[in-house]
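S.K.: Following this line is query-v6.cif, made up of mmCIF, C-alpha atoms:
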```cif
data_structure
#
loop_
_atom_site.label_atom_id
_atom_site.label_comp_id
_atom_site.auth_asym_id
_atom_site.auth_seq_id
_atom_site.Cartn_x
_atom_site.Cartn_y
_atom_site.Cartn_z
CA MET A 1 22.50 -15.19 -12.40
CA PRO A 2 22.50 -15.90 -8.64
CA THR A 3 19.83 -18.19 -7.34
CA THR A 4 17.16 -16.86 -5.04
CA PRO A 5 16.90 -18.52 -1.63
CA GLY A 6 13.43 -19.37 -0.36
CA LEU A 7 11.65 -17.66 2.48
CA ARG A 8 12.06 -18.81 6.05
CA ARG A 9 8.56 -20.17 6.56
CA PRO A 10 6.90 -22.62 8.91
CA ALA A 11 5.65 -25.93 7.61
CA ALA A 12 3.16 -25.88 4.78
CA ALA A 13 0.45 -27.30 7.01
CA ALA A 14 0.80 -24.41 9.42
CA ALA A 15 0.69 -21.91 6.59
CA ALA A 16 -2.38 -23.58 5.14
CA GLY A 17 -4.04 -23.45 8.53
CA THR A 18 -3.33 -19.76 8.81
CA ALA A 19 -4.71 -19.18 5.32
CA ALA A 20 -7.86 -21.15 6.08
CA ALA A 21 -8.41 -19.21 9.26
CA LEU A 22 -8.10 -15.95 7.40
CA VAL A 23 -10.62 -17.03 4.80
CA LEU A 24 -13.09 -17.96 7.51
CA SER A 25 -12.59 -14.81 9.52
CA SER A 26 -12.37 -12.52 6.49
CA CYS A 27 -11.22 -9.41 8.33
CA ALA A 28 -10.01 -10.79 11.64
CA VAL A 29 -6.49 -10.01 12.78
CA LEU A 30 -4.66 -13.31 13.01
CA SER A 31 -1.69 -14.52 14.98
CA THR A 32 1.57 -12.81 14.09
CA SER A 33 3.65 -15.89 14.86
CA VAL A 34 4.67 -16.36 11.21
CA ARG A 35 5.67 -12.76 10.57
CA GLU A 36 9.37 -12.98 11.39
CA ASP A 37 9.70 -16.09 9.25
CA ASP A 38 8.20 -14.35 6.23
CA THR A 39 11.23 -12.20 5.53
CA PRO A 40 13.72 -13.37 2.90
CA GLU A 41 17.04 -14.82 4.02
CA SER A 42 18.71 -12.74 1.31
CA VAL A 43 17.66 -10.68 -1.68
CA SER A 44 18.93 -10.16 -5.19
CA THR A 45 18.39 -7.21 -7.52
CA GLY A 46 18.83 -9.43 -10.56
CA VAL A 47 16.14 -11.03 -12.71
CA PRO A 48 16.77 -14.73 -13.49
CA ASP A 49 17.37 -15.84 -17.07
CA GLN A 50 14.90 -18.72 -16.95
CA PRO A 51 11.19 -18.18 -17.71
CA VAL A 52 9.21 -16.71 -14.81
CA THR A 53 5.45 -16.22 -14.57
CA LEU A 54 4.01 -13.79 -12.06
CA ARG A 55 0.36 -13.14 -11.30
CA LEU A 56 -0.69 -9.62 -10.35
CA ALA A 57 -4.04 -8.83 -8.73
CA PHE A 58 -5.29 -5.26 -9.06
CA THR A 59 -8.36 -3.07 -9.18
CA ASP A 60 -9.33 -0.11 -11.37
CA ASP A 61 -5.97 1.41 -12.27
CA PRO A 62 -5.18 2.71 -15.78
CA PRO A 63 -1.34 2.41 -15.72
CA THR A 64 -1.08 -1.24 -14.66
CA GLN A 65 -1.20 -2.90 -18.10
CA ALA A 66 1.16 -0.34 -19.65
CA LEU A 67 3.63 -0.68 -16.77
CA VAL A 68 3.56 -4.46 -17.06
CA ASP A 69 4.18 -4.19 -20.81
CA GLY A 70 7.14 -1.88 -20.22
CA PHE A 71 8.72 -4.23 -17.70
CA THR A 72 8.22 -7.42 -19.71
CA GLU A 73 9.66 -5.73 -22.80
CA GLN A 74 12.88 -5.28 -20.84
CA HIS A 75 12.63 -8.82 -19.47
CA PRO A 76 11.00 -10.98 -22.19
CA ASN A 77 11.48 -14.13 -20.12
CA VAL A 78 9.03 -12.74 -17.54
CA ASP A 79 5.29 -13.09 -18.07
CA ILE A 80 2.92 -11.17 -15.80
CA GLU A 81 -0.70 -12.33 -15.80
CA LEU A 82 -3.21 -9.71 -14.66
CA GLN A 83 -6.24 -10.42 -12.45
CA GLN A 84 -8.52 -7.38 -12.25
CA THR A 85 -11.32 -6.92 -9.71
CA GLN A 86 -13.79 -4.05 -9.42
CA PHE A 87 -12.97 -1.59 -6.65
CA THR A 88 -16.12 -2.35 -4.65
CA ASP A 89 -15.14 -6.02 -4.37
CA TYR A 90 -11.39 -5.67 -4.18
CA ILE A 91 -10.77 -5.73 -0.42
CA LYS A 92 -12.76 -8.93 0.11
CA THR A 93 -11.32 -10.56 -3.01
CA VAL A 94 -7.69 -9.75 -2.33
CA LYS A 95 -7.97 -10.95 1.28
CA LEU A 96 -9.25 -14.30 0.10
CA SER A 97 -6.80 -14.67 -2.78
CA MET A 98 -3.71 -13.64 -0.80
CA SER A 99 -4.62 -16.11 1.95
CA SER A 100 -5.26 -19.00 -0.43
CA GLU A 101 -2.87 -21.85 -1.17
CA ASN A 102 -2.05 -20.29 -4.55
CA PRO A 103 -2.00 -16.53 -4.05
CA PRO A 104 -1.03 -13.98 -6.70
CA ASP A 105 2.65 -13.02 -6.52
CA ILE A 106 1.87 -9.30 -6.50
CA ALA A 107 -1.25 -7.47 -5.35
CA GLN A 108 -2.29 -3.85 -5.52
CA TYR A 109 -1.95 -2.48 -2.02
CA ASN A 110 -5.05 -1.59 -0.04
CA SER A 111 -4.88 -0.54 3.60
CA GLY A 112 -8.24 -2.17 4.36
CA ALA A 113 -6.91 -5.54 3.25
CA MET A 114 -3.51 -5.15 4.88
CA ASP A 115 -5.11 -4.88 8.32
CA SER A 116 -5.45 -8.65 8.37
CA LEU A 117 -2.92 -9.80 5.75
CA VAL A 118 0.12 -8.16 7.34
CA PRO A 119 -0.42 -9.53 10.88
CA ALA A 120 -1.04 -12.95 9.34
CA GLY A 121 2.41 -12.85 7.75
CA LEU A 122 1.01 -13.13 4.23
CA ILE A 123 2.66 -9.99 2.83
CA LEU A 124 6.41 -9.82 2.24
CA ASP A 125 8.45 -7.43 4.36
CA LEU A 126 10.23 -5.28 1.76
CA ASP A 127 12.80 -3.60 4.01
CA GLU A 128 15.69 -5.63 2.62
CA HIS A 129 14.66 -5.05 -0.99
CA SER A 130 14.23 -1.35 -0.24
CA GLU A 131 17.76 -1.18 1.08
CA ALA A 132 19.15 -3.17 -1.86
CA TYR A 133 17.47 -0.94 -4.44
CA GLY A 134 17.72 2.36 -2.56
CA TRP A 135 13.99 3.00 -2.58
CA GLU A 136 14.19 5.50 0.28
CA GLU A 137 16.08 7.77 -2.11
CA THR A 138 14.07 6.83 -5.22
CA PHE A 139 10.51 7.21 -3.97
CA PRO A 140 9.03 10.35 -2.33
CA THR A 141 8.93 10.19 1.46
CA SER A 142 5.27 11.23 1.65
CA ALA A 143 4.34 8.43 -0.76
CA MET A 144 6.12 5.81 1.35
CA GLU A 145 4.68 6.74 4.75
CA SER A 146 1.36 4.96 4.40
CA LEU A 147 3.12 1.82 3.13
CA ARG A 148 4.94 1.30 6.43
CA ILE A 149 2.99 -0.65 9.03
CA ASP A 150 3.63 -1.90 12.54
CA PRO A 151 3.48 -5.69 13.13
CA GLU A 152 -0.17 -5.62 14.22
CA ALA A 153 -1.20 -3.26 11.38
CA ALA A 154 -2.63 -0.97 14.06
CA GLU A 155 -0.57 2.07 13.12
CA TYR A 156 0.69 3.22 9.75
CA GLY A 157 3.56 5.57 8.96
CA SER A 158 6.15 3.53 10.85
CA GLY A 159 7.38 -0.03 10.93
CA SER A 160 8.37 -2.22 8.01
CA LEU A 161 7.72 -1.46 4.35
CA TYR A 162 5.03 -3.65 2.76
CA ALA A 163 4.53 -2.09 -0.66
CA ALA A 164 6.13 0.21 -3.20
CA PRO A 165 4.40 3.02 -5.11
CA GLY A 166 3.56 2.48 -8.77
CA ALA A 167 1.89 5.80 -9.62
CA LEU A 168 0.88 8.79 -7.53
CA SER A 169 -2.22 10.94 -7.30
CA VAL A 170 -3.09 14.41 -6.08
CA LEU A 171 -6.43 16.01 -5.28
CA GLY A 172 -7.25 19.52 -6.46
CA VAL A 173 -9.76 21.76 -8.16
CA PHE A 174 -10.53 21.74 -11.89
CA TYR A 175 -12.23 24.84 -13.31
CA ASN A 176 -14.00 25.94 -16.49
CA LYS A 177 -12.19 29.02 -17.81
CA SER A 178 -15.12 30.33 -19.84
CA LEU A 179 -17.53 30.12 -16.92
CA LEU A 180 -15.10 31.92 -14.63
CA GLU A 181 -14.71 34.67 -17.22
CA GLU A 182 -18.49 34.95 -17.54
CA ALA A 183 -18.76 35.20 -13.74
CA GLY A 184 -16.09 37.89 -13.59
CA VAL A 185 -13.62 35.69 -11.71
CA ASP A 186 -10.06 36.66 -12.58
CA GLY A 187 -8.27 33.32 -12.83
CA PRO A 188 -7.88 30.62 -10.17
CA PRO A 189 -8.67 31.85 -6.63
CA GLN A 190 -5.59 32.44 -4.49
CA THR A 191 -7.22 32.09 -1.06
CA LEU A 192 -10.00 29.97 0.43
CA GLY A 193 -12.08 33.10 0.89
CA GLY A 194 -11.45 34.00 -2.73
CA PHE A 195 -12.65 30.55 -3.75
CA GLU A 196 -15.88 30.99 -1.81
CA GLN A 197 -16.32 34.42 -3.40
CA ALA A 198 -15.87 32.82 -6.83
CA LEU A 199 -18.61 30.29 -6.02
CA GLU A 200 -20.94 33.15 -5.14
CA GLN A 201 -20.13 35.01 -8.37
CA VAL A 202 -20.73 31.93 -10.51
CA GLN A 203 -24.08 31.41 -8.81
CA GLY A 204 -25.13 35.03 -9.31
CA ARG A 205 -23.89 35.65 -12.85
CA THR A 206 -24.16 32.33 -14.73
CA ASP A 207 -26.63 29.49 -15.15
CA ALA A 208 -24.02 26.94 -14.04
CA THR A 209 -23.75 25.12 -10.72
CA PRO A 210 -20.82 26.69 -8.86
CA LEU A 211 -19.25 23.47 -7.53
CA GLY A 212 -19.89 20.19 -9.31
CA ASN A 213 -20.03 17.19 -7.02
CA GLY A 214 -21.24 13.64 -6.67
CA SER A 215 -21.76 12.70 -3.02
CA LEU A 216 -23.11 9.25 -3.86
CA GLU A 217 -19.57 7.88 -3.71
CA VAL A 218 -16.36 9.65 -2.63
CA GLY A 219 -16.80 13.09 -4.21
CA GLY A 220 -18.44 14.62 -1.18
CA PHE A 221 -15.78 13.72 1.33
CA GLN A 222 -13.08 14.74 -1.15
CA ILE A 223 -14.34 18.32 -0.80
CA TRP A 224 -14.43 17.92 2.97
CA SER A 225 -10.91 16.50 3.19
CA SER A 226 -9.54 19.19 0.86
CA LEU A 227 -10.93 21.84 3.19
CA LEU A 228 -9.62 20.04 6.25
CA ASN A 229 -6.14 19.71 4.77
CA VAL A 230 -5.76 23.45 4.13
CA LEU A 231 -7.34 24.47 7.44
CA GLY A 232 -5.78 21.97 9.84
CA ASP A 233 -2.43 20.80 11.13
CA GLU A 234 -0.77 18.24 8.85
CA ASP A 235 0.77 16.21 11.66
CA GLU A 236 -2.48 15.98 13.63
CA TYR A 237 -4.28 14.77 10.53
CA ARG A 238 -1.59 12.22 9.67
CA ASP A 239 -1.67 10.91 13.24
CA TRP A 240 -5.39 10.31 12.98
CA VAL A 241 -5.27 8.58 9.59
CA TYR A 242 -2.24 6.48 10.54
CA GLY A 243 -3.71 5.42 13.89
CA ALA A 244 -1.42 7.17 16.38
CA PRO A 245 -2.60 6.56 19.96
CA GLY A 246 -4.92 9.28 21.23
CA ALA A 247 -5.45 10.94 17.85
CA SER A 248 -8.78 12.62 17.19
CA ILE A 249 -10.68 14.06 14.24
CA GLU A 250 -12.86 16.19 16.51
CA THR A 251 -10.57 19.22 16.16
CA GLU A 252 -11.33 22.89 15.62
CA ALA A 253 -10.01 22.64 12.06
CA ALA A 254 -12.28 19.68 11.31
CA LYS A 255 -15.24 21.58 12.73
CA GLU A 256 -14.40 24.56 10.51
CA ALA A 257 -14.01 22.37 7.41
CA THR A 258 -17.30 20.60 8.14
CA GLY A 259 -19.06 23.90 8.75
CA THR A 260 -17.71 25.30 5.49
CA LEU A 261 -19.02 22.34 3.48
CA THR A 262 -22.39 22.58 5.21
CA ARG A 263 -22.59 26.30 4.47
CA TRP A 264 -21.76 25.75 0.80
CA ALA A 265 -24.54 23.20 0.55
CA GLN A 266 -27.01 25.54 2.25
CA GLU A 267 -26.04 28.36 -0.12
CA GLY A 268 -26.82 26.16 -3.11
CA TYR A 269 -23.26 25.98 -4.41
CA LEU A 270 -23.49 22.18 -4.83
CA PRO A 271 -25.76 20.47 -7.38
CA GLU A 272 -29.33 19.75 -6.42
CA GLY A 273 -29.65 16.12 -5.38
CA THR A 274 -25.88 15.72 -5.11
CA SER A 275 -26.27 12.74 -2.76
CA ALA A 276 -27.67 10.73 -5.67
CA VAL A 277 -25.00 11.85 -8.17
CA SER A 278 -22.07 9.53 -8.91
CA ASP A 279 -18.50 10.72 -9.33
CA ILE A 280 -18.46 9.91 -13.04
CA ASP A 281 -21.73 11.78 -13.61
CA ALA A 282 -20.38 14.81 -11.74
CA GLN A 283 -17.30 14.74 -13.96
CA ALA A 284 -19.47 14.46 -17.08
CA ASP A 285 -21.60 17.42 -15.97
CA PHE A 286 -18.46 19.49 -15.40
CA ALA A 287 -17.06 18.56 -18.80
CA ALA A 288 -20.36 19.58 -20.40
CA GLY A 289 -20.14 23.04 -18.83
CA ASP A 290 -22.87 22.49 -16.25
CA SER A 291 -20.58 23.38 -13.32
CA ALA A 292 -17.69 25.81 -12.92
CA PHE A 293 -15.50 23.93 -10.43
CA LEU A 294 -14.93 20.25 -9.66
CA VAL A 295 -12.87 18.83 -6.78
CA THR A 296 -11.29 15.58 -7.90
CA GLY A 297 -7.93 14.02 -8.61
CA ASN A 298 -5.42 13.90 -11.44
CA TRP A 299 -7.00 10.64 -12.65
CA ALA A 300 -9.66 12.79 -14.36
CA THR A 301 -7.12 14.94 -16.20
CA ALA A 302 -6.75 12.99 -19.43
CA GLU A 303 -10.50 12.71 -20.04
CA LEU A 304 -11.18 16.34 -19.13
CA ALA A 305 -8.37 17.54 -21.39
CA GLU A 306 -9.74 15.49 -24.26
CA GLU A 307 -13.31 16.74 -23.78
CA MET A 308 -12.64 20.37 -22.83
CA GLY A 309 -9.32 21.19 -24.44
CA GLU A 310 -7.93 24.55 -23.33
CA GLU A 311 -11.14 25.40 -21.47
CA VAL A 312 -10.14 23.40 -18.38
CA GLY A 313 -7.61 24.44 -15.76
CA PHE A 314 -6.40 23.12 -12.40
CA PHE A 315 -5.25 24.53 -9.07
CA LEU A 316 -4.63 23.22 -5.58
CA MET A 317 -7.22 24.07 -2.94
CA PRO A 318 -5.91 27.38 -1.51
CA GLY A 319 -5.45 28.09 2.18
CA PRO A 320 -6.94 30.96 4.21
CA THR A 321 -4.16 33.45 3.42
CA GLY A 322 -2.75 32.04 0.21
CA GLN A 323 0.72 32.11 1.76
CA GLU A 324 0.59 28.64 3.29
CA PRO A 325 2.84 25.89 1.90
CA PRO A 326 0.95 23.82 -0.69
CA VAL A 327 -0.82 20.79 0.73
CA ALA A 328 -3.12 18.24 -0.87
CA ALA A 329 -4.53 14.79 -0.37
CA GLY A 330 -3.15 12.05 -2.54
CA SER A 331 -1.95 8.51 -2.52
CA SER A 332 0.03 6.01 -4.47
CA VAL A 333 -1.22 3.14 -6.55
CA SER A 334 1.07 0.68 -4.79
CA TYR A 335 1.93 -2.98 -5.00
CA ALA A 336 2.69 -5.59 -2.34
CA ILE A 337 4.33 -8.99 -2.74
CA SER A 338 3.00 -12.26 -1.36
CA SER A 339 5.21 -13.85 1.29
CA GLN A 340 4.40 -17.22 -0.28
CA THR A 341 5.86 -16.52 -3.72
CA GLU A 342 9.12 -18.17 -4.75
CA ASN A 343 9.75 -15.36 -7.24
CA TYR A 344 9.90 -12.46 -4.83
CA ASP A 345 13.12 -11.06 -6.31
CA THR A 346 11.56 -10.86 -9.76
CA ALA A 347 8.44 -9.31 -8.25
CA ALA A 348 10.63 -6.77 -6.44
CA ALA A 349 12.39 -5.99 -9.72
CA PHE A 350 9.00 -5.04 -11.16
CA LEU A 351 8.37 -2.77 -8.17
CA ASP A 352 11.75 -1.15 -8.71
CA TYR A 353 10.93 -0.59 -12.39
CA LEU A 354 8.00 1.57 -11.28
CA GLY A 355 10.46 4.27 -10.23
CA SER A 356 12.33 4.30 -13.55
CA ALA A 357 12.38 7.08 -16.14
CA GLU A 358 10.53 4.86 -18.62
CA ALA A 359 7.79 4.09 -16.10
CA ALA A 360 7.47 7.82 -15.35
CA GLN A 361 6.42 8.54 -18.92
CA ILE A 362 3.84 5.73 -18.77
CA GLN A 363 2.48 7.11 -15.51
CA LEU A 364 2.26 10.63 -16.95
CA SER A 365 0.57 9.52 -20.16
CA SER A 366 -2.13 7.72 -18.17
CA GLY A 367 -2.96 10.84 -16.16
CA PHE A 368 -1.12 9.77 -13.01
CA MET A 369 1.85 11.41 -11.36
CA PRO A 370 5.22 9.69 -11.73
CA VAL A 371 6.82 7.93 -8.79
CA ASP A 372 10.01 9.81 -9.66
CA PRO A 373 9.13 13.46 -8.88
CA ASP A 374 12.18 14.66 -10.83
CA ALA A 375 11.12 12.89 -14.03
CA PRO A 376 11.12 15.33 -16.96
CA SER A 377 7.69 16.24 -18.26
CA GLU A 378 6.79 18.12 -21.39
CA SER A 379 3.10 18.20 -20.50
CA GLU A 380 1.21 21.34 -21.40
CA GLY A 381 -2.23 22.71 -20.65
CA VAL A 382 -4.14 21.26 -17.73
CA MET A 383 -1.78 18.29 -17.44
CA GLY A 384 1.11 20.70 -17.02
CA GLU A 385 -0.82 22.55 -14.32
CA VAL A 386 -1.54 19.30 -12.47
CA ASN A 387 2.12 18.29 -12.70
CA ALA A 388 3.25 21.67 -11.42
CA GLY A 389 0.87 21.55 -8.46
CA PHE A 390 1.89 18.01 -7.62
CA GLY A 391 5.56 18.98 -7.80
CA ARG A 392 5.06 21.77 -5.27
CA VAL A 393 3.30 19.41 -2.87
CA ILE A 394 6.01 16.75 -3.17
CA GLU A 395 8.74 19.35 -2.68
CA GLN A 396 7.11 20.33 0.62
CA GLU A 397 6.52 16.64 1.52
CA SER A 398 2.91 17.62 2.17
CA LEU A 399 1.05 14.92 0.24
CA LEU A 400 -1.50 13.71 2.79
CA PRO A 401 -3.39 10.39 2.88
CA PHE A 402 -7.08 10.24 2.08
CA PRO A 403 -9.30 10.12 5.20
CA ASP A 404 -10.85 6.76 4.33
CA PHE A 405 -7.41 5.17 4.88
CA ALA A 406 -7.94 5.64 8.63
CA THR A 407 -9.82 2.34 9.10
CA PRO A 408 -11.23 -0.35 6.81
CA GLY A 409 -14.75 0.85 7.58
CA MET A 410 -14.14 4.60 7.50
CA VAL A 411 -15.48 5.05 3.97
CA ASP A 412 -18.80 3.67 5.22
CA GLN A 413 -18.95 6.54 7.70
CA LEU A 414 -17.61 9.28 5.43
CA THR A 415 -19.93 8.78 2.46
CA PRO A 416 -23.31 8.70 4.25
CA GLY A 417 -22.02 11.23 6.75
CA VAL A 418 -21.32 13.81 4.05
CA GLN A 419 -24.65 12.98 2.42
CA GLY A 420 -26.28 13.84 5.73
CA LEU A 421 -24.35 17.11 5.95
CA VAL A 422 -25.33 18.35 2.48
CA THR A 423 -28.99 17.37 2.94
CA GLY A 424 -29.16 18.87 6.42
CA THR A 425 -30.07 15.62 8.16
CA THR A 426 -26.77 15.24 10.02
CA SER A 427 -25.22 17.88 12.24
CA GLU A 428 -21.54 18.75 12.07
CA GLU A 429 -21.01 17.36 15.56
CA GLU A 430 -22.75 14.08 14.71
CA PHE A 431 -20.65 13.68 11.57
CA LEU A 432 -17.31 14.11 13.33
CA ARG A 433 -18.45 12.00 16.28
CA SER A 434 -19.32 9.12 13.93
CA LEU A 435 -15.85 9.25 12.36
CA GLN A 436 -14.13 9.25 15.72
CA GLN A 437 -16.32 6.45 17.01
CA GLU A 438 -15.36 4.30 14.02
CA TRP A 439 -11.69 5.14 14.68
CA ASP A 440 -11.95 4.36 18.41
CA GLU A 441 -13.65 1.02 17.82
CA HIS A 442 -10.99 0.00 15.31
CA HIS A 443 -8.09 0.94 17.57
CA GLU A 444 -9.47 -0.17 20.95
#
```
Could you show the structure in this file as structure tokens?

M.R.:
Amino acid sequence: MPTTPGLRRPAAAAAAGTAAALVLSSCAVLSTSVREDDTPESVSTGVPDQPVTLRLAFTDDPPTQALVDGFTEQHPNVDIELQQTQFTDYIKTVKLSMSSENPPDIAQYNSGAMDSLVPAGLILDLDEHSEAYGWEETFPTSAMESLRIDPEAAEYGSGSLYAAPGALSVLGVFYNKSLLEEAGVDGPPQTLGGFEQALEQVQGRTDATPLGNGSLEVGGFQIWSSLLNVLGDEDEYRDWVYGAPGASIETEAAKEATGTLTRWAQEGYLPEGTSAVSDIDAQADFAAGDSAFLVTGNWATAELAEEMGEEVGFFLMPGPTGQEPPVAAGSSVSYAISSQTENYDTAAAFLDYLGSAEAAQIQLSSGFMPVDPDAPSESEGVMGEVNAGFGRVIEQESLLPFPDFATPGMVDQLTPGVQGLVTGTTSEEEFLRSLQQEWDEHHE
């Protein structure tokens, strides 16, 4: 097996100084002087025969252990040690660990962390591995966009590749078939107006809450972004999330989406006290039959199928006419490689495994979408409906990033902002202005 050359790096003292500075500054953007030297001199698609130990840092992600087991079964000389951190602490933790003298070899990608790690030269540029493995052909284009970053990490969607997708997600609408039948709703709504009509019918003819939701965390802005995605221009939205110069969220489509969410709250379609309801509680209420619809992602599919059986269905949020190409928010559970690891070829081999047929079945069984969109699936019921909807979105290359990817602090504007909308304490103009102000301050 060919040997793997080391990275072209500056002296260890300089690297340690950079790491220390990052630890002290936490989220500061550091000098990019080491970036060019943190690309490999050459790459290999082989896995060495000698024992290799990799450490992988990740947050809440069901497929990780199973994917690691699948890879190490193929390569028994490779041991991958997992380091899991809760989502709420992950950005801070991964920044510190990846900038330490002994960083994990692989880390679950997070755009909030990459804002400082990429400019500091601490994440491996994967362009050469991508070319060697053919990832541009293997992985969906829309899943790769957000993993490309410019040298300053100011704009996403272009530049070098810094991660590879390990499992994909898609946002949509789950529904309770029995409640829709009781309300006189004939199957999944085909238009946005039809969806709103269904909410009204559920409210008038059943005892259930029309639209289950937990705005305490991300559930509220998932409804908002779903509305925005079907009402607005895809390119304008991508530009804003990815940080294109001059982009704005204060658009007519965003105003319409915000107004729609506000109106639904005023009409009583959302649960009472939704701002104090967590995502997991909203899902539990839906599974118990307390609400007719629930906007969330495919990650809830396995649990809902187990608890509700054939009573649960899924559809993509429909557009105004029902004739629009399918579009949905989603992302990839992705993995980046430390620029300080000596085993970057083995780490890249693991990333490549994520696009294999075997990995696809692991991803599907865990409720996530496979990285390979052409992977055969025998899923039935709600899982089959999720897979079908995801497939249509990928075919159109219209999988859009979540809005909180726009800046590291955007989630701190979205969550309380939506809480203010649904309680009537924040106006639609104030909400959008706060998002744009956060964006402007980050990109100034």

S.K.: How many Å lie between CA of Gln203 in chain A and CA of Met383 in chain A, rounded to one decimal?

M.R.: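 Here the two named atoms are 27.3 Å from each other.
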
S.K.: Can you list, as a PyMOL selection string, the residues that the PyMOL selection byres ((chain A and resi 182) around 12) selects here?

M.R.: chain A and resi 176-181+183-187+198+201-208+292

S.K.: Closest to Leu261 in chain A among A:Asn102, A:Thr93, A:Thr423, A:Ser142, using all atoms listed in the file?

M.R.: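 Residue with the minimum atom-to-atom distance to Leu261 in chain A: A:Thr423.
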
S.K.: Counting all atoms listed in the file, figure out which residue out of A:Phe195, A:Met98, A:Ile91, A:Asp345 gets nearest to Glu41 in chain A.

M.R.: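 Ranking A:Phe195, A:Met98, A:Ile91, A:Asp345 by distance to Glu41 in chain A, first place goes to A:Asp345.
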
S.K.: A:Gly417, A:Pro119, A:Gly46, A:Pro401: which is nearest Ser225 in chain A, counting only C-alpha atoms?

M.R.: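 Using only C-alpha atoms, Ser225 in chain A sits closest to A:Pro401.
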
S.K.: Given the choices A:Asp281, A:Glu137, A:Asp127, A:Glu380, which gets closest to Gly355 in chain A if the distance is worked out from only C-alpha atoms?

M.R.: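 Among A:Asp281, A:Glu137, A:Asp127, A:Glu380, it is A:Glu137 that comes nearest to Gly355 in chain A.
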
S.K.: Which one is closest to Gly289 in chain A: A:Leu211, A:Val333, A:Leu161, A:Leu171? Count only C-alpha atoms.

M.R.: A:Leu211

S.K.: If you count all atoms listed in the file, which residues fall within 12 Å of Ser226 in chain A, apart from same-chain ones fewer than 4 positions away, as a PyMOL selection string?

M.R.: chain A and resi 170-173+192+219-222+230-232+234+237+253-254+257-258+260-261+294-297+316-319+326-330+399-403

S.K.: Which polymer residues have any atom within 12 Å of an atom of Glu236 in chain A, counting all atoms listed in the file, with same-chain residues fewer than 2 positions away left out, as number ranges by chain?

M.R.: A: 228-229, 231-234, 238-254, 400

S.K.: Calculate how many Å separate CA of Gln340 in chain A from CA of Leu122 in chain A, rounding to one decimal.

M.R.: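 Computed distance, CA of Gln340 in chain A to CA of Leu122 in chain A, equals 7.0 Å.
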
S.K.: I'd like to know which of A:Glu256, A:Phe58, A:Glu311, A:Gly214 is closest to Asp279 in chain A, using all atoms listed in the file.

M.R.: A:Gly214

S.K.: Return as a Markdown table the residues of range 335-419 of chain A lying at most 9 Å from range 264-278 of chain A, together with the closest atom-to-atom pair for each and the distance in Å to one decimal, counting only C-alpha atoms, with rows in chain order and ascending residue number.

M.R.:
```
| residue | atom | partner | partner_atom | distance |
| --- | --- | --- | --- | --- |
| A:Pro416 | CA | A:Ser275 | CA | 8.6 |
| A:Val418 | CA | A:Ser275 | CA | 8.5 |
| A:Gln419 | CA | A:Ser275 | CA | 5.4 |
```

S.K.: If you measure from CA of Leu96 in chain A to CA of Tyr344 in chain A, what distance in Å do you get, rounded to one decimal?

M.R.: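 For CA of Leu96 in chain A relative to CA of Tyr344 in chain A, the distance reads 19.9 Å.
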
S.K.: Please write as a ChimeraX atom specification the full residue list that the PyMOL selection byres ((chain A and resi 51) around 9) yields on this file.

M.R.: /A:48-50,52-53,76-79

S.K.: Is it possible to get the axis-aligned box enclosing range 323-336 of chain A (all listed atoms, 4 Å extra per side) as AutoDock Vina command-line options, with centre and edge lengths in Å rounded to one decimal?

M.R.:
```
--center_x -0.8 --center_y 13.3 --center_z -1.6 --size_x 15.4 --size_y 45.7 --size_z 17.8
```

S.K.: Any idea what's packed within 9 Å of Phe314 in chain A, counting all atoms listed in the file, ignoring anything in its chain fewer than 5 positions away? Could you give it as a ChimeraX atom specification?

M.R.: /A:172-175,188,382-383,385-386,389

S.K.: Counting only C-alpha atoms, write as a VMD selection string all protein and nucleic acid residues lying at most 8 Å from (-15.4, 13.2, 11.5) in the file's frame.

M.R.: chain A and resid 249 to 250 254 414 431 to 436

S.K.: Using the chain letters and numbers from this file, what does the PyMOL selection byres ((chain A and resi 366) around 8) select? Give the answer as a list in words.

M.R.: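 On the file shown, the PyMOL selection byres ((chain A and resi 366) around 8) covers Pro62, Pro63, Trp299, Ala302, Ile362, Gln363, Leu364, Ser365, Gly367 and Phe368 of chain A.
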
S.K.: Restrict the selected residues to C-alpha atoms and save them as a CSV table (one decimal), keeping the file's coordinate frame.

M.R.:
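Now in again_1.csv:
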```csv
chain,number,residue,atom,x,y,z
A,62,PRO,CA,-5.2,2.7,-15.8
A,63,PRO,CA,-1.3,2.4,-15.7
A,299,TRP,CA,-7.0,10.6,-12.6
A,302,ALA,CA,-6.8,13.0,-19.4
A,362,ILE,CA,3.8,5.7,-18.8
A,363,GLN,CA,2.5,7.1,-15.5
A,364,LEU,CA,2.3,10.6,-17.0
A,365,SER,CA,0.6,9.5,-20.2
A,367,GLY,CA,-3.0,10.8,-16.2
A,368,PHE,CA,-1.1,9.8,-13.0
```

S.K.: Within 10 Å of Pro325 in chain A, counting all atoms listed in the file, which residues qualify if same-chain residues fewer than 3 places away don't, as a list of chain:residue names?

M.R.: A:Val230, A:Pro318, A:Gly319, A:Gly322, A:Arg392, A:Val393, A:Glu395, A:Gln396, A:Glu397, A:Ser398

S.K.: Residues proximal to (12.1, -0.8, 4.2) were defined as those with any atom within 7 Å of that point in the file's coordinates, counting only C-alpha atoms. Which are they, as a list of chain:residue names?

M.R.: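 Residues with an atom at most 7 Å from (12.1, -0.8, 4.2): A:Leu126, A:Asp127, A:Glu128, A:Ser130, A:Glu131, A:Ser160, A:Leu161.
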